[in-house]
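run_33.tsv (TSV, C-alpha atoms and all ligand atoms) appears below.
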chain	number	residue	atom	x	y	z
A	1	MET	CA	0.00	0.00	0.00
A	2	LEU	CA	1.21	3.47	-0.87
A	3	ILE	CA	0.95	6.13	1.85
A	4	THR	CA	1.15	9.57	0.26
A	5	ASP	CA	1.17	13.09	1.63
A	6	SER	CA	-2.26	13.78	0.14
A	7	LEU	CA	-3.68	10.62	1.71
A	8	LEU	CA	-2.38	11.77	5.09
A	9	LEU	CA	-3.81	15.24	4.57
A	10	ASP	CA	-7.20	13.72	3.73
A	11	TYR	CA	-6.98	11.46	6.76
A	12	LYS	CA	-6.16	14.39	9.03
A	13	ARG	CA	-9.17	16.32	7.74
A	14	CYS	CA	-11.56	13.38	7.67
A	15	SER	CA	-10.63	9.70	8.06
A	16	ARG	CA	-13.69	8.77	6.00
A	17	ARG	CA	-12.45	10.81	3.06
A	18	ALA	CA	-9.10	8.96	3.09
A	19	PHE	CA	-11.00	5.66	3.23
A	20	LEU	CA	-13.36	6.56	0.37
A	21	ASN	CA	-10.52	7.87	-1.77
A	22	MET	CA	-8.84	4.50	-1.46
A	23	TYR	CA	-11.78	2.08	-1.50
A	24	GLY	CA	-14.85	4.10	-2.55
A	25	ASP	CA	-16.75	3.91	-5.84
A	26	SER	CA	-15.44	6.95	-7.73
A	27	THR	CA	-18.64	7.18	-9.81
A	28	GLN	CA	-20.35	8.35	-6.59
A	29	GLN	CA	-18.15	11.44	-6.38
A	30	ASP	CA	-19.57	14.89	-7.08
A	31	PRO	CA	-18.07	16.80	-10.02
A	32	GLU	CA	-15.30	19.12	-8.95
A	33	ARG	CA	-16.61	22.52	-7.93
A	34	ASP	CA	-15.50	25.60	-9.84
A	35	PHE	CA	-14.31	27.02	-6.58
A	36	LEU	CA	-11.69	24.26	-6.27
A	37	GLN	CA	-10.33	25.12	-9.70
A	38	LYS	CA	-10.16	28.74	-8.65
A	39	LEU	CA	-8.25	27.75	-5.52
A	40	ARG	CA	-5.84	25.70	-7.62
A	41	GLN	CA	-5.16	28.66	-9.90
A	42	GLU	CA	-4.60	30.88	-6.90
A	43	ASN	CA	-2.24	28.29	-5.47
A	44	LYS	CA	-0.21	28.27	-8.69
A	45	ARG	CA	0.02	32.07	-8.68
A	46	HIS	CA	1.11	32.11	-5.05
A	47	THR	CA	3.76	29.42	-5.65
A	48	ALA	CA	5.08	31.33	-8.68
A	49	LEU	CA	5.35	34.48	-6.56
A	50	VAL	CA	7.27	32.63	-3.83
A	51	LEU	CA	9.67	31.14	-6.40
A	52	GLU	CA	10.23	34.49	-8.09
A	53	THR	CA	10.79	36.29	-4.76
A	54	PHE	CA	12.97	33.82	-2.86
A	55	TYR	CA	14.17	31.04	-5.17
A	56	PRO	CA	14.55	32.41	-8.72
A	57	HIS	CA	17.34	29.91	-9.55
A	58	TYR	CA	15.50	26.70	-8.74
A	59	GLN	CA	15.92	23.56	-10.82
A	60	GLN	CA	12.79	21.64	-11.68
A	61	SER	CA	12.83	17.92	-10.90
A	62	HIS	CA	9.73	17.23	-12.95
A	63	VAL	CA	10.25	15.04	-16.04
A	64	SER	CA	7.07	14.26	-17.92
A	65	GLY	CA	6.36	10.73	-19.10
A	66	LEU	CA	8.11	9.02	-16.18
A	67	SER	CA	6.49	6.95	-13.45
A	68	TRP	CA	6.61	8.46	-9.96
A	69	ARG	CA	9.25	5.90	-8.96
A	70	GLU	CA	11.45	7.05	-11.85
A	71	LYS	CA	10.77	10.68	-10.95
A	72	ALA	CA	11.86	9.97	-7.37
A	73	LYS	CA	15.13	8.60	-8.76
A	74	VAL	CA	15.62	11.78	-10.79
A	75	THR	CA	15.11	13.83	-7.60
A	76	GLU	CA	17.69	11.75	-5.75
A	77	GLN	CA	20.15	12.21	-8.62
A	78	LEU	CA	19.72	16.00	-8.35
A	79	MET	CA	20.37	15.76	-4.60
A	80	GLN	CA	23.44	13.65	-5.28
A	81	GLN	CA	24.69	16.32	-7.69
A	82	GLY	CA	24.21	18.96	-4.98
A	83	VAL	CA	21.70	21.18	-6.82
A	84	ASP	CA	20.95	24.21	-4.59
A	85	CYS	CA	17.18	24.33	-4.93
A	86	ILE	CA	15.01	21.52	-6.32
A	87	TYR	CA	11.44	22.33	-7.31
A	88	LYS	CA	8.77	19.59	-7.56
A	89	GLY	CA	11.00	16.86	-6.16
A	90	ILE	CA	9.53	13.49	-5.28
A	91	LEU	CA	10.53	11.68	-2.10
A	92	TRP	CA	9.92	7.95	-2.03
A	93	VAL	CA	10.71	5.35	0.60
A	94	ASP	CA	10.01	1.66	0.10
A	95	ASP	CA	9.50	0.00	3.47
A	96	THR	CA	7.41	-2.89	2.14
A	97	ALA	CA	9.93	-5.61	2.95
A	98	GLN	CA	12.20	-4.03	5.54
A	99	SER	CA	12.98	-0.60	6.95
A	100	SER	CA	15.09	1.39	4.47
A	101	TYR	CA	17.00	3.14	7.22
A	102	ASP	CA	16.73	2.85	10.95
A	103	SER	CA	19.69	4.16	12.91
A	104	GLU	CA	19.69	3.88	16.68
A	105	GLU	CA	20.08	7.62	16.93
A	106	PHE	CA	17.21	8.46	14.58
A	107	PRO	CA	14.83	5.49	14.40
A	108	SER	CA	12.29	5.63	11.58
A	109	ILE	CA	8.73	6.22	12.72
A	110	PHE	CA	7.19	4.73	9.57
A	111	PRO	CA	5.12	1.58	10.13
A	112	LEU	CA	6.74	-1.32	8.23
A	113	GLY	CA	5.14	-2.91	5.19
A	114	TYR	CA	4.29	0.23	3.16
A	115	GLU	CA	5.69	2.56	0.54
A	116	TYR	CA	5.76	6.28	1.34
A	117	LEU	CA	5.58	9.14	-1.13
A	118	GLY	CA	5.81	12.89	-0.59
A	119	LYS	CA	5.92	15.87	-2.92
A	120	PRO	CA	7.33	18.88	-1.09
A	121	HIS	CA	7.36	22.06	-3.15
A	122	LEU	CA	11.07	22.64	-2.67
A	123	LEU	CA	14.18	20.91	-1.40
A	124	ILE	CA	16.86	23.36	-0.31
A	125	LYS	CA	20.53	22.48	0.06
A	126	GLN	CA	22.23	23.26	3.37
A	127	PRO	CA	25.63	22.44	4.92
A	128	GLY	CA	25.73	19.21	6.95
A	129	GLU	CA	26.81	15.59	6.55
A	130	SER	CA	24.58	13.19	4.64
A	131	LYS	CA	25.09	10.19	2.41
A	132	PHE	CA	25.53	12.67	-0.48
A	133	GLY	CA	28.57	14.41	1.06
A	134	ASN	CA	28.94	17.50	3.21
A	135	TRP	CA	25.51	18.79	2.31
A	136	SER	CA	21.93	17.78	2.94
A	137	TYR	CA	18.42	19.05	2.17
A	138	TYR	CA	15.46	20.41	4.06
A	139	PRO	CA	11.89	20.66	2.67
A	140	VAL	CA	9.92	23.85	2.05
A	141	SER	CA	6.12	23.70	1.67
A	142	ILE	CA	4.14	26.59	0.18
A	143	HIS	CA	0.51	27.04	1.24
A	144	LEU	CA	-2.24	29.41	0.29
A	145	GLY	CA	-3.52	29.80	3.86
A	146	ARG	CA	-2.51	32.64	6.11
A	147	LYS	CA	-1.66	30.51	9.13
A	148	ALA	CA	0.75	27.62	9.63
A	149	LYS	CA	-2.06	25.13	10.31
A	150	PRO	CA	-1.43	21.85	12.17
A	151	GLU	CA	-2.01	19.80	9.00
A	152	TYR	CA	0.68	21.82	7.17
A	153	LYS	CA	3.10	21.07	10.01
A	154	LEU	CA	2.20	17.39	9.94
A	155	LEU	CA	2.94	17.12	6.21
A	156	ALA	CA	6.16	19.10	6.57
A	157	THR	CA	7.25	16.61	9.26
A	158	PHE	CA	6.35	13.75	6.91
A	159	TYR	CA	8.71	15.26	4.28
A	160	ALA	CA	11.41	15.69	6.94
A	161	GLN	CA	11.13	12.00	7.90
A	162	LEU	CA	11.27	10.91	4.23
A	163	LEU	CA	14.34	13.08	3.71
A	164	ALA	CA	15.99	11.73	6.86
A	165	ILE	CA	15.67	8.19	5.47
A	166	ILE	CA	16.73	9.11	1.92
A	167	GLN	CA	19.77	11.19	2.85
A	168	GLN	CA	20.53	9.25	6.08
A	169	THR	CA	20.52	12.14	8.51
A	170	ALA	CA	18.41	13.32	11.41
A	171	PRO	CA	15.07	14.70	10.22
A	172	PRO	CA	15.87	18.24	8.99
A	173	THR	CA	13.89	21.29	10.12
A	174	PRO	CA	11.16	21.91	7.52
A	175	GLU	CA	9.99	25.35	6.50
A	176	LEU	CA	6.51	26.61	5.68
A	177	ILE	CA	5.64	29.62	3.57
A	178	VAL	CA	2.10	30.97	3.92
A	179	ARG	CA	0.49	34.14	2.63
A	180	PRO	CA	1.67	36.83	2.38
A	181	LEU	CA	5.17	35.37	1.92
A	182	LYS	CA	5.51	34.51	5.62
A	183	HIS	CA	8.20	31.95	6.59
A	184	SER	CA	8.12	29.73	9.66
A	185	SER	CA	9.96	26.62	10.85
A	186	VAL	CA	8.39	23.43	12.14
A	187	ASP	CA	9.60	21.88	15.39
A	188	VAL	CA	10.10	18.26	14.22
A	189	ILE	CA	10.89	17.00	17.71
A	190	GLN	CA	7.41	18.09	18.75
A	191	TRP	CA	5.71	16.89	15.56
A	192	LEU	CA	7.34	13.51	14.95
A	193	PRO	CA	5.33	11.73	17.71
A	194	LYS	CA	2.12	13.29	16.34
A	195	LEU	CA	2.98	12.13	12.84
A	196	GLN	CA	3.70	8.64	14.15
A	197	LEU	CA	0.29	8.51	15.84
A	198	VAL	CA	-1.53	9.66	12.70
A	199	LEU	CA	0.40	7.17	10.53
A	200	ASP	CA	-0.35	4.29	12.90
A	201	GLU	CA	-4.06	5.13	13.03
A	202	CYS	CA	-4.28	5.70	9.29
A	203	VAL	CA	-2.64	2.40	8.24
A	204	THR	CA	-4.68	0.51	10.85
A	205	MET	CA	-7.95	1.96	9.51
A	206	LEU	CA	-7.01	1.33	5.87
A	207	GLY	CA	-5.64	-2.13	6.61
A	208	ALA	CA	-8.84	-3.16	8.40
A	209	VAL	CA	-10.93	-1.88	5.45
A	210	GLN	CA	-13.42	-0.45	7.94
A	211	GLU	CA	-15.47	2.45	6.61
A	212	PRO	CA	-15.46	5.24	9.22
A	213	GLU	CA	-18.83	6.58	10.30
A	214	VAL	CA	-20.25	9.50	8.38
A	215	PHE	CA	-20.21	12.88	10.14
A	216	ILE	CA	-21.41	15.91	8.24
A	217	SER	CA	-19.58	19.08	9.18
A	218	ARG	CA	-20.20	22.16	7.11
A	219	GLN	CA	-16.64	23.42	7.31
A	220	ARG	CA	-14.99	20.07	6.61
A	221	CYS	CA	-17.40	18.63	4.04
A	222	ASN	CA	-17.94	21.84	2.12
A	223	LEU	CA	-15.44	21.17	-0.67
A	224	CYS	CA	-15.38	17.39	-0.48
A	225	ARG	CA	-16.36	15.44	-3.58
A	226	TRP	CA	-18.02	12.73	-1.47
A	227	TYR	CA	-20.48	15.23	-0.05
A	228	SER	CA	-23.66	14.05	-1.83
A	229	TYR	CA	-22.79	10.42	-1.14
A	230	CYS	CA	-22.14	11.04	2.57
A	231	TYR	CA	-25.11	13.37	2.91
A	232	GLY	CA	-27.41	10.68	1.45
A	233	ILE	CA	-26.12	8.15	3.98
A	234	ALA	CA	-26.48	10.65	6.83
A	235	GLN	CA	-30.06	11.33	5.79
A	236	SER	CA	-30.93	7.65	5.57
A	237	GLN	CA	-29.53	7.21	9.10
A	238	GLN	CA	-31.14	10.44	10.40
A	239	HIS	CA	-27.63	11.17	11.56
A	240	LEU	CA	-27.28	13.69	14.37
A	241	SER	CA	-24.53	15.57	12.54
A	242	LEU	CA	-27.24	16.88	10.19
A	243	VAL	CA	-28.44	19.10	13.04
A	244	PRO	CA	-26.56	22.41	12.85
A	245	GLY	CA	-24.63	22.88	16.10
A	246	VAL	CA	-23.96	19.18	16.76
A	247	THR	CA	-20.17	19.00	16.97
A	248	PRO	CA	-18.25	15.72	17.48
A	249	SER	CA	-18.04	16.30	21.26
A	250	ARG	CA	-21.75	17.19	21.55
A	251	TYR	CA	-22.51	14.17	19.39
A	252	GLN	CA	-20.74	11.99	21.93
A	253	SER	CA	-22.62	13.62	24.82
A	254	LEU	CA	-25.94	12.97	23.10
A	255	GLN	CA	-24.99	9.35	22.36
A	256	ASP	CA	-24.18	8.89	26.05
A	257	ILE	CA	-27.81	9.60	26.99
A	258	GLY	CA	-29.25	7.40	24.27
A	259	VAL	CA	-30.00	10.12	21.71
A	260	HIS	CA	-28.81	8.65	18.42
A	261	THR	CA	-30.90	10.22	15.63
A	262	THR	CA	-32.45	13.55	14.62
A	263	GLU	CA	-35.85	12.02	15.36
A	264	SER	CA	-34.84	10.98	18.88
A	265	LEU	CA	-33.29	14.41	19.53
A	266	ALA	CA	-36.53	16.07	18.41
A	267	THR	CA	-38.60	14.01	20.83
A	268	ALA	CA	-36.16	13.39	23.71
A	269	ASN	CA	-36.84	14.56	27.25
A	270	LEU	CA	-35.45	18.09	27.28
A	271	ASN	CA	-34.34	17.88	30.94
A	272	ALA	CA	-32.05	14.97	30.15
A	273	ILE	CA	-30.41	16.86	27.28
A	274	GLU	CA	-30.13	20.05	29.35
A	275	GLU	CA	-28.29	18.14	32.08
A	276	GLN	CA	-25.85	16.82	29.53
A	277	ILE	CA	-25.05	19.91	27.45
A	278	GLY	CA	-26.65	22.89	29.19
A	279	THR	CA	-30.07	24.54	28.97
A	280	LYS	CA	-29.64	27.02	26.14
A	281	LEU	CA	-27.80	24.66	23.85
A	282	ALA	CA	-30.20	21.79	24.53
A	283	GLN	CA	-33.19	23.93	23.60
A	284	ARG	CA	-31.51	25.20	20.47
A	285	LEU	CA	-30.45	21.77	19.25
A	286	GLN	CA	-33.85	20.26	19.95
A	287	GLN	CA	-35.54	23.05	18.02
A	288	GLN	CA	-33.16	22.54	15.12
A	289	ALA	CA	-33.89	18.81	15.17
A	290	ARG	CA	-37.66	19.43	15.17
A	291	SER	CA	-37.32	21.84	12.30
A	292	LEU	CA	-35.36	19.21	10.36
A	293	VAL	CA	-37.68	16.32	11.14
A	294	HIS	CA	-40.83	18.31	10.22
A	295	ASN	CA	-39.04	20.14	7.40
A	296	GLN	CA	-40.37	23.47	8.66
A	297	PRO	CA	-38.81	26.68	9.94
A	298	ILE	CA	-39.51	27.38	13.60
A	299	LEU	CA	-39.40	30.91	14.97
A	300	HIS	CA	-37.47	31.14	18.25
A	301	ALA	CA	-39.88	31.63	21.13
A	302	GLN	CA	-37.96	34.58	22.60
A	303	SER	CA	-37.01	36.00	19.25
A	304	GLN	CA	-36.98	39.78	18.94
A	305	TYR	CA	-37.20	39.30	15.25
A	306	ASN	CA	-40.54	39.81	13.58
A	307	PRO	CA	-40.24	39.12	9.86
A	308	SER	CA	-43.21	41.23	8.88
A	309	GLU	CA	-41.82	44.26	10.72
A	310	THR	CA	-38.15	43.76	9.99
A	311	LEU	CA	-38.29	42.91	6.31
A	312	SER	CA	-38.83	45.74	3.93
A	313	ASN	CA	-42.12	46.07	2.09
A	314	GLN	CA	-41.28	48.56	-0.64
A	315	THR	CA	-42.24	48.68	-4.28
A	316	ILE	CA	-38.67	47.94	-5.34
A	317	GLU	CA	-36.42	45.96	-3.04
A	318	LEU	CA	-32.76	45.12	-3.55
A	319	TYR	CA	-31.23	42.10	-1.80
A	320	PHE	CA	-27.46	41.79	-1.82
A	321	ASP	CA	-26.25	38.16	-1.83
A	322	ILE	CA	-22.75	37.02	-0.84
A	323	GLU	CA	-21.11	33.58	-0.98
A	324	ALA	CA	-17.93	33.60	1.03
A	325	GLU	CA	-15.17	31.45	2.48
A	326	PRO	CA	-14.41	33.44	5.65
A	327	GLU	CA	-11.54	31.08	6.53
A	328	ARG	CA	-9.79	32.09	3.32
A	329	ASN	CA	-10.86	35.70	3.58
A	330	LEU	CA	-12.52	35.33	0.21
A	331	ASP	CA	-15.92	36.60	-1.01
A	332	TYR	CA	-16.31	34.88	-4.34
A	333	LEU	CA	-19.94	35.20	-5.51
A	334	LEU	CA	-21.71	38.52	-5.27
A	335	GLY	CA	-25.04	39.51	-6.71
A	336	VAL	CA	-28.22	41.49	-6.25
A	337	VAL	CA	-31.83	40.37	-6.52
A	338	VAL	CA	-34.19	43.12	-7.62
A	339	PHE	CA	-37.70	42.47	-6.41
A	340	ASN	CA	-40.41	44.55	-8.06
A	341	ARG	CA	-43.78	44.43	-6.35
A	342	LEU	CA	-45.51	46.37	-9.11
A	343	THR	CA	-44.60	43.99	-11.89
A	344	HIS	CA	-44.26	40.97	-9.59
A	345	THR	CA	-40.86	40.16	-11.02
A	346	GLN	CA	-37.57	39.10	-9.48
A	347	THR	CA	-34.32	39.55	-11.40
A	348	PHE	CA	-30.93	38.33	-10.25
A	349	TYR	CA	-27.84	40.26	-11.31
A	350	PRO	CA	-24.64	38.27	-10.72
A	351	PHE	CA	-21.50	40.37	-10.40
B	401	LIG	S1	-18.33	14.56	2.80
B	401	LIG	FE1	-17.57	14.97	4.86
B	401	LIG	S2	-17.80	13.05	5.96
B	401	LIG	FE2	-17.93	12.58	3.79
B	401	LIG	S3	-15.85	12.05	3.23
B	401	LIG	FE3	-16.12	14.20	2.77
B	401	LIG	S4	-15.38	15.28	4.56
B	401	LIG	FE4	-15.72	13.15	5.17

Please express what this file holds, its structure, as structure tokens.
Ligand code: SF4
Amino acid sequence: MLITDSLLLDYKRCSRRAFLNMYGDSTQQDPERDFLQKLRQENKRHTALVLETFYPHYQQSHVSGLSWREKAKVTEQLMQQGVDCIYKGILWVDDTAQSSYDSEEFPSIFPLGYEYLGKPHLLIKQPGESKFGNWSYYPVSIHLGRKAKPEYKLLATFYAQLLAIIQQTAPPTPELIVRPLKHSSVDVIQWLPKLQLVLDECVTMLGAVQEPEVFISRQRCNLCRWYSYCYGIAQSQQHLSLVPGVTPSRYQSLQDIGVHTTESLATANLNAIEEQIGTKLAQRLQQQARSLVHNQPILHAQSQYNPSETLSNQTIELYFDIEAEPERNLDYLLGVVVFNRLTHTQTFYPF
């Protein structure tokens, strides 16, 4: 089995996604959303800017028409030659039969019996002994986000461990570059045990071929191509994660008192839920569940909001509509609906 950086990233975000990407029926996937293509283009632009600003003399390791194993050999040849900056290198370790490198000083944390593949954006030469000579390499990862997120650090540590095995050194200190051109280092000593834990869990789950439970989370599932498939399963199970506000920890608390479905949340004894998660939250979640089960909006009992008073009732009304990804600080779909009460028409103007 091949454990790649993108598989690990998927696993870190949602173990089910990693499972479905490996074993799922790809015909069940949603078509890729335009927004993902836009993100990819932005990513390319950002990477080009980083290269131009900091590494204008990079050497590309990409050779088209080769298998990834052959490409990994090309990368290693460039490292052997001592090229200063390698772009699009491929790091590959084959631990299927036995550990490729396991010194007492720096034991490998990779579970045995797998191949490992990573594609760091850059490999930068630095002084220091390695099997190549008196130089070695450290990985640089470029990300579109504005913060050095934990999953970026985890992947960077994965590259460091691959490099340690390939060049036979201690894991080097990886670097991250996020927007706007912000550098930071990753503390591998702190992150290696976390990587080991994630790797162990991931290979155990994949090896057991056990499909993880569905859990719909707006933030996590938003851009996932298994969304319709998972949502259908969640609906058929009346899964509690369909209720807005049910987080994994609240889900566990509800399970503990025997509330397993949206239906049972809608009809459960409110006192029991209040004791478990607090009064306000219990009332809110139960109302949400009732609204879902009966497929009807419910006005909050104590709501100050009166739609007939608050909403405008003019001859011409303009409603501004925004689709945004607040996490990425991006408002990407803007438009106005013009509602004309005289002609009884509604016209949408996308910007
Ligand atoms: S839709 Fe959500 S639950 Fe399903 S695989 Fe994707 S991220 Fe995971």

Review point. Out of A:Arg220, A:Lys182, A:Arg33, A:Lys88, which residue has the shortest atom-to-atom distance to ligand LIG 401 (chain B) when counting all atoms listed in the file?
Key: A:Arg220

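In this model, the gap between atom CA of A:Val186 and atom CA of A:Gln161 comes to 12.5 Å.
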
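Residues having any atom no farther than 10 Å from (5.6, 20.3, -2.8) (counting all atoms listed in the file) are A:Asp5, A:Thr47, A:Tyr87, A:Lys88, A:Gly89, A:Ile90, A:Leu91, A:Gly118, A:Lys119, A:Pro120, A:His121, A:Leu122, A:Leu123, A:Pro139, A:Val140, A:Ser141, A:Ile142, A:His143, A:Leu155, A:Ala156, A:Tyr159.
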
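Those residues that approach stretch 132-134 of chain A to within 12 Å, counting all atoms listed in the file, are A:Glu76, A:Gln77, A:Leu78, A:Met79, A:Gln80, A:Gln81, A:Gly82, A:Val83, A:Lys125, A:Gln126, A:Pro127, A:Gly128, A:Glu129, A:Ser130, A:Ser136, A:Tyr137, A:Leu163, A:Ile166, A:Gln167, A:Gln168, A:Thr169; same-chain residues fewer than 2 positions away are not listed.
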
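Each of A:Leu7, A:Leu49, A:Ile109, A:Ile322 was compared to A:Gln196 using only C-alpha atoms, and A:Ile109 turns out to be the nearest.
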
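From atom CA of A:Leu117 back to atom CA of A:Gln210, the distance works out to 23.1 Å.
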
Check your understanding: Which is closest to ligand LIG 401 (chain B) among A:Glu213, A:Asp84, A:Glu42, A:Glu323, if we use only C-alpha atoms and all ligand atoms?
Key -> A:Glu213

Exercise for review: Considering only C-alpha atoms, return as a PyMOL selection string whatever protein or nucleic-acid residues lie within 10 Å of A:Asn271, sequence-local ones (same chain, fewer than 5 positions apart) excluded.
Suggested key: chain A and resi 276+278-279+282-283

Point to revise | ligand LIG 401 (chain B) neighbours within 7 Å using only C-alpha atoms and all ligand atoms, as a ChimeraX atom specification | key: /A:14-17,20,214-217,220-221,224-227,230-231

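The two atoms in question, atom CA of A:Ser228 and atom CA of A:Gly245, are spaced 20.0 Å apart.
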
Review point. Can you list, as number ranges by chain, every protein, DNA or RNA residue that comes within 8 Å of A:Tyr349 when you count all atoms listed in the file, leaving out same-chain residues fewer than 3 positions away?
Key: A: 335-338

Review point. Counting all atoms listed in the file, what is within 12 Å of A:Gly113, bar same-chain residues fewer than 2 positions away, as a VMD selection string?
Key: chain A and resid 1 to 3 93 to 100 110 to 111 115 to 116 200 203 to 204 207

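Residue nearest A:His183, chosen from A:Lys44, A:Pro56, A:Val50, A:Asp25 and counting all atoms listed in the file: A:Val50.
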
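Near A:Leu334, within 12 Å and counting all atoms listed in the file, sit Tyr319, Phe320, Asp321, Ile322, Glu323, Ala324, Phe348, Tyr349, Pro350 and Phe351 of chain A, not including residues fewer than 5 positions from it in the same chain.
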
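Across A:Leu8, A:Ile277, A:Val243, A:Leu144, the tightest approach to A:Arg179 is made by A:Leu144 when counting all atoms listed in the file.
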
Build an axis-aligned box that encloses every atom of stretch 109-121 of chain A listed in the file, pad it by 6 Å on each side, and report its centre and edge lengths in Å to one decimal, as AutoDock Vina command-line options.
--center_x 6.5 --center_y 9.6 --center_z 4.8 --size_x 16.4 --size_y 37.0 --size_z 27.9

Study note, to complete from the structure: One residue among A:Cys202, A:Leu9, A:Ala160, A:Cys85 is nearest to A:Asp187 when using only C-alpha atoms, and that residue is A:Ala160

Generate the missing atoms of stretch 199-213 of chain A up to N, CA and C atoms and report them as an mmCIF file, in the coordinates of the input.
data_model
loop_
_atom_site.group_PDB
_atom_site.id
_atom_site.type_symbol
_atom_site.label_atom_id
_atom_site.label_comp_id
_atom_site.auth_asym_id
_atom_site.auth_seq_id
_atom_site.Cartn_x
_atom_site.Cartn_y
_atom_site.Cartn_z
ATOM 1 N N LEU A 199 0.044 8.250 11.463
ATOM 2 C CA LEU A 199 0.400 7.170 10.530
ATOM 3 C C LEU A 199 -0.113 5.827 11.026
ATOM 4 N N ASP A 200 0.093 5.570 12.330
ATOM 5 C CA ASP A 200 -0.350 4.290 12.900
ATOM 6 C C ASP A 200 -1.866 4.142 12.754
ATOM 7 N N GLU A 201 -2.589 5.199 13.105
ATOM 8 C CA GLU A 201 -4.060 5.130 13.030
ATOM 9 C C GLU A 201 -4.524 4.948 11.583
ATOM 10 N N CYS A 202 -3.873 5.703 10.693
ATOM 11 C CA CYS A 202 -4.280 5.700 9.290
ATOM 12 C C CYS A 202 -4.070 4.308 8.668
ATOM 13 N N VAL A 203 -2.884 3.716 8.865
ATOM 14 C CA VAL A 203 -2.640 2.400 8.240
ATOM 15 C C VAL A 203 -3.504 1.319 8.888
ATOM 16 N N THR A 204 -3.806 1.479 10.180
ATOM 17 C CA THR A 204 -4.680 0.510 10.850
ATOM 18 C C THR A 204 -6.086 0.570 10.239
ATOM 19 N N MET A 205 -6.601 1.790 10.065
ATOM 20 C CA MET A 205 -7.950 1.960 9.510
ATOM 21 C C MET A 205 -8.000 1.430 8.075
ATOM 22 N N LEU A 206 -6.996 1.773 7.273
ATOM 23 C CA LEU A 206 -7.010 1.330 5.870
ATOM 24 C C LEU A 206 -6.801 -0.178 5.770
ATOM 25 N N GLY A 207 -5.924 -0.691 6.633
ATOM 26 C CA GLY A 207 -5.640 -2.130 6.610
ATOM 27 C C GLY A 207 -6.872 -2.947 7.002
ATOM 28 N N ALA A 208 -7.659 -2.425 7.937
ATOM 29 C CA ALA A 208 -8.840 -3.160 8.400
ATOM 30 C C ALA A 208 -10.013 -3.027 7.431
ATOM 31 N N VAL A 209 -9.877 -2.157 6.442
ATOM 32 C CA VAL A 209 -10.930 -1.880 5.450
ATOM 33 C C VAL A 209 -12.276 -1.643 6.168
ATOM 34 N N GLN A 210 -12.225 -0.787 7.170
ATOM 35 C CA GLN A 210 -13.420 -0.450 7.940
ATOM 36 C C GLN A 210 -13.848 0.967 7.625
ATOM 37 N N GLU A 211 -15.020 1.123 7.026
ATOM 38 C CA GLU A 211 -15.470 2.450 6.610
ATOM 39 C C GLU A 211 -15.822 3.293 7.841
ATOM 40 N N PRO A 212 -15.133 4.419 8.050
ATOM 41 C CA PRO A 212 -15.460 5.240 9.220
ATOM 42 C C PRO A 212 -16.879 5.810 9.106
ATOM 43 N N GLU A 213 -17.462 6.054 10.255
ATOM 44 C CA GLU A 213 -18.830 6.580 10.300
ATOM 45 C C GLU A 213 -18.910 7.935 9.607
#
